[in-house]
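Colleague: Submitted below is the structure of interest, expressed as structure tokens.
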Amino acid sequence: MENLDVNKLPKHVAIIMDGNGRWAQEHGQDRLFGHYEGVVSVRKVVEAATEIGIQYLTLYAFSTENWDRPATEVNGLMSLFVDTIAKEVPDLHKNNIQLHFIGNLAQLPPEAQKALEAGRHQTAQNTGLKLIIALSYSSRWELTEAAKKIAIQVQAGELSVDQINEATLSKNLTTSDFPDPELMIRTSGEYRISNFLLYQLAYAEFYFTNTRWPNFRKKDLVDALLDYQSRERRFGKTSQQVSPN
Ligand code: FPP
């Protein structure tokens, strides 16, 4: 951690937490056991992100596509979300963490919606790490919703077609309050983006690790950050333009 350059930290890190099921199978356990262990990693990574000074952390906890998993797994995950949020909110609050949720939350069971809203409300005044949990989230859903919202504004005469620009789109996404992530981490050896923040990750650096999510710890986050800091971010420009010396 002492090798990290505090002046070159990404403000926003996004993580696709993959490999819970495989980790469980490798340990001769039910897939849900992997998700329970995954919560331990969530806690460790949130602690580490706070300590390091990351300002925004987005975690992909459940995708729109995950609804198609067997009902036992979906129901188990929903209970896990409700229990974890209820259990962790006091500690998150103590650590000044502000909790946010993005996704099609109306699809979640009512008790989950209530737990999320209570957690969000309780931590709303906090000024530390912004922890954003993507639940029932998919980027294509989000972009479709944004298109509808913009169309409604045009229809109402509040916006003309000529006024629509990239900022209009950003403002109508579920992430409108957050800067785009500079670093996206995916665990468990998959090299896909899986409908996650497609618009927001346009210039993010991607970091892939074979580590299964339940094994992911502070050291793995630091490794990802060190790798990020070793890269030259050019945003379409030449190397000479971004670092003339
Ligand atoms: C992907 O692994 C993981 C998920 C679909 C669930 C992730 C959820 C948690 C870690 C719990 C987080 C809880 C809160 C409250 C944020 P997978 O099941 O796709 O693994 P596999 O690819 O090995 O099958």
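The way I read the labels, and the way they are meant: chains A, B, ... in the order of the structure tokens, residue 1 as the first residue of every chain, and ligand 1 as the first ligand shown, with later ones counted on from there.
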Enumerate residues in contact with ligand 1: an atom-to-atom distance of at most 7 Å, counting only C-alpha atoms and all ligand atoms. Format the result as a PyMOL selection string.

Modeller: chain A and resi 17-23+31+35-36+38-39+42+59-62+66+80-81+84-85+133

Colleague: Would you list, as a PyMOL selection string, the residues of region 4-131 of chain A that end up in alpha helix (DSSP H) under DSSP run on this structure's backbone?

Modeller: chain A and resi 20-26+31-52+71-94+110-123

Colleague: Please provide as a PyMOL selection string all residues within 9 Å of Ala134 (chain A), with the sequence filter that same-chain residues fewer than 2 positions apart are discarded (counting only C-alpha atoms).

Modeller: chain A and resi 58-63+100-103+132+136-138+196

Colleague: With N, CA and C atoms kept, could you save the residues just selected as an mmCIF file, in the first residue's frame?

Modeller:
```cif
data_model
loop_
_atom_site.group_PDB
_atom_site.id
_atom_site.type_symbol
_atom_site.label_atom_id
_atom_site.label_comp_id
_atom_site.auth_asym_id
_atom_site.auth_seq_id
_atom_site.Cartn_x
_atom_site.Cartn_y
_atom_site.Cartn_z
ATOM 1 N N THR A 58 -18.319 1.407 -6.876
ATOM 2 C CA THR A 58 -19.548 0.781 -7.385
ATOM 3 C C THR A 58 -19.343 -0.732 -7.467
ATOM 4 N N LEU A 59 -20.275 -1.485 -6.890
ATOM 5 C CA LEU A 59 -20.184 -2.946 -6.880
ATOM 6 C C LEU A 59 -21.378 -3.540 -7.627
ATOM 7 N N TYR A 60 -21.082 -4.416 -8.590
ATOM 8 C CA TYR A 60 -22.159 -5.062 -9.365
ATOM 9 C C TYR A 60 -22.610 -6.299 -8.595
ATOM 10 N N ALA A 61 -23.719 -6.188 -7.886
ATOM 11 C CA ALA A 61 -24.168 -7.265 -7.008
ATOM 12 C C ALA A 61 -25.182 -8.187 -7.677
ATOM 13 N N PHE A 62 -25.972 -7.653 -8.631
ATOM 14 C CA PHE A 62 -27.018 -8.476 -9.243
ATOM 15 C C PHE A 62 -27.419 -7.829 -10.567
ATOM 16 N N SER A 63 -27.314 -8.597 -11.640
ATOM 17 C CA SER A 63 -27.634 -8.029 -12.953
ATOM 18 C C SER A 63 -29.069 -8.362 -13.343
ATOM 19 N N HIS A 100 -25.680 4.137 -1.853
ATOM 20 C CA HIS A 100 -26.560 4.389 -3.006
ATOM 21 C C HIS A 100 -26.885 3.059 -3.688
ATOM 22 N N PHE A 101 -28.021 3.019 -4.366
ATOM 23 C CA PHE A 101 -28.371 1.832 -5.147
ATOM 24 C C PHE A 101 -28.742 2.274 -6.548
ATOM 25 N N ILE A 102 -28.252 1.541 -7.555
ATOM 26 C CA ILE A 102 -28.667 1.822 -8.930
ATOM 27 C C ILE A 102 -29.210 0.534 -9.542
ATOM 28 N N GLY A 103 -30.184 0.678 -10.437
ATOM 29 C CA GLY A 103 -30.765 -0.486 -11.096
ATOM 30 C C GLY A 103 -32.273 -0.372 -11.113
ATOM 31 N N ILE A 132 -21.825 2.506 -3.995
ATOM 32 C CA ILE A 132 -22.946 2.386 -4.936
ATOM 33 C C ILE A 132 -23.132 0.910 -5.277
ATOM 34 N N SER A 136 -30.152 -5.482 -9.769
ATOM 35 C CA SER A 136 -31.109 -5.580 -10.863
ATOM 36 C C SER A 136 -30.747 -4.523 -11.909
ATOM 37 N N TYR A 137 -29.446 -4.397 -12.116
ATOM 38 C CA TYR A 137 -28.925 -3.359 -13.003
ATOM 39 C C TYR A 137 -28.473 -3.968 -14.330
ATOM 40 N N SER A 138 -28.753 -3.265 -15.402
ATOM 41 C CA SER A 138 -28.075 -3.548 -16.667
ATOM 42 C C SER A 138 -27.989 -2.228 -17.424
ATOM 43 N N PHE A 196 -22.509 -3.869 -17.964
ATOM 44 C CA PHE A 196 -22.209 -3.063 -16.774
ATOM 45 C C PHE A 196 -21.671 -1.700 -17.193
#
```

Colleague: Assign secondary structure with DSSP using the backbone only, and return the residues of region 115-218 of chain A in strand (DSSP E or B) as a ChimeraX atom specification.

Modeller: /A:130-137,183-186,205-208

Colleague: How would the residues just chosen look if you wrote them out with N, CA and C atoms as a compact mmCIF listing (two decimals), in the first residue's frame?

Modeller:
```txt
# COMPACT_ATOMS: atom_id res chain seq x y z
N LYS A 130 -18.60 7.06 -1.12
CA LYS A 130 -19.92 6.79 -1.68
C LYS A 130 -19.91 5.37 -2.21
N LEU A 131 -20.71 4.53 -1.55
CA LEU A 131 -20.76 3.10 -1.91
C LEU A 131 -22.02 2.88 -2.74
N ILE A 132 -21.82 2.51 -3.99
CA ILE A 132 -22.95 2.39 -4.94
C ILE A 132 -23.13 0.91 -5.28
N ILE A 133 -24.29 0.37 -4.93
CA ILE A 133 -24.54 -1.05 -5.19
C ILE A 133 -25.47 -1.15 -6.40
N ALA A 134 -25.01 -1.84 -7.44
CA ALA A 134 -25.83 -2.05 -8.63
C ALA A 134 -26.62 -3.34 -8.44
N LEU A 135 -27.95 -3.18 -8.40
CA LEU A 135 -28.85 -4.30 -8.10
C LEU A 135 -29.96 -4.34 -9.14
N SER A 136 -30.15 -5.48 -9.77
CA SER A 136 -31.11 -5.58 -10.86
C SER A 136 -30.75 -4.52 -11.91
N TYR A 137 -29.45 -4.40 -12.12
CA TYR A 137 -28.92 -3.36 -13.00
C TYR A 137 -28.47 -3.97 -14.33
N LEU A 183 -11.40 3.20 -13.13
CA LEU A 183 -10.87 1.83 -13.06
C LEU A 183 -12.01 0.85 -12.88
N MET A 184 -12.02 -0.19 -13.73
CA MET A 184 -13.02 -1.26 -13.60
C MET A 184 -12.26 -2.58 -13.37
N ILE A 185 -12.64 -3.25 -12.30
CA ILE A 185 -11.99 -4.52 -11.94
C ILE A 185 -13.00 -5.64 -12.14
N ARG A 186 -12.57 -6.75 -12.79
CA ARG A 186 -13.42 -7.94 -12.83
C ARG A 186 -12.62 -9.12 -12.31
N GLU A 205 -9.88 2.31 -17.29
CA GLU A 205 -8.86 1.26 -17.43
C GLU A 205 -9.49 -0.02 -16.89
N PHE A 206 -9.26 -1.13 -17.59
CA PHE A 206 -9.82 -2.41 -17.15
C PHE A 206 -8.72 -3.26 -16.50
N TYR A 207 -9.06 -3.90 -15.41
CA TYR A 207 -8.11 -4.77 -14.70
C TYR A 207 -8.81 -6.10 -14.44
N PHE A 208 -8.20 -7.17 -14.94
CA PHE A 208 -8.79 -8.50 -14.76
C PHE A 208 -7.87 -9.34 -13.88
```

Colleague: My list of candidates is A:Ile152, A:Ala48, A:Ile16, A:Leu159. Which is closest to Thr187 (chain A) when distances are computed with only C-alpha atoms?

Modeller: A:Ile16

Colleague: With a distance cut-off of 12 Å and only C-alpha atoms, select the neighbouring residues of Asp223 (chain A), excluding the residue or stretch itself and same-chain residues fewer than 6 positions from it, and output the selection as a PyMOL selection string.

Modeller: chain A and resi 1-4+185+207-209+211+216-217+229-230

Colleague: Go ahead and compute the interatomic distance for CA of Asn126 (chain A) and CA of Ala14 (chain A), in Å to one decimal.

Modeller: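 Distance between the two atoms: 20.2 Å.
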
Colleague: Compile the contact shell of Gln200 (chain A) as a count of residues only: residues with an atom at most 10 Å away, counting only C-alpha atoms, same-chain residues fewer than 3 positions apart removed.

Modeller: 13

Colleague: Between A:Gln153, A:Thr144, A:Ser239, A:Asn165, which one has atoms that come closest to Asn104 (chain A), using only C-alpha atoms?

Modeller: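 Result for the nearest residue to Asn104 (chain A): A:Thr144.
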
Colleague: For a test of reading the model, state the distance in Å between CA of Asn215 (chain A) and CA of Gln25 (chain A), rounded to one decimal.

Modeller: 13.8 Å

Colleague: For Arg212 (chain A), which residue out of A:Gly28, A:Pro10, A:Gly119, A:Gly34 is the nearest one, using only C-alpha atoms?

Modeller: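 Of A:Gly28, A:Pro10, A:Gly119, A:Gly34, the one nearest Arg212 (chain A), counting only C-alpha atoms, is A:Gly34.
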
Colleague: Give me, please, the distance in Å between CA of Glu37 (chain A) and CA of Ala71 (chain A), quoted to one decimal.

Modeller: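 Between CA of Glu37 (chain A) and CA of Ala71 (chain A) the gap is 19.8 Å.
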
Colleague: Let me make sure I understand: among A:Glu142, A:Asp227, A:Glu88, A:Glu73, which one has the smallest atom-to-atom distance to Asn195 (chain A) if we use only C-alpha atoms?

Modeller: A:Glu142

Colleague: So which one's closest to Asp30 (chain A), A:Thr64, A:Thr72, A:Ser243, A:Thr238? Using only C-alpha atoms, please.

Modeller: A:Thr72

Colleague: Given the choices A:Arg140, A:Ala146, A:Ala86, A:Leu116, which gets closest to Ser194 (chain A) if the distance is worked out from only C-alpha atoms?

Modeller: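 Nearest candidate to Ser194 (chain A) out of A:Arg140, A:Ala146, A:Ala86, A:Leu116: A:Arg140.
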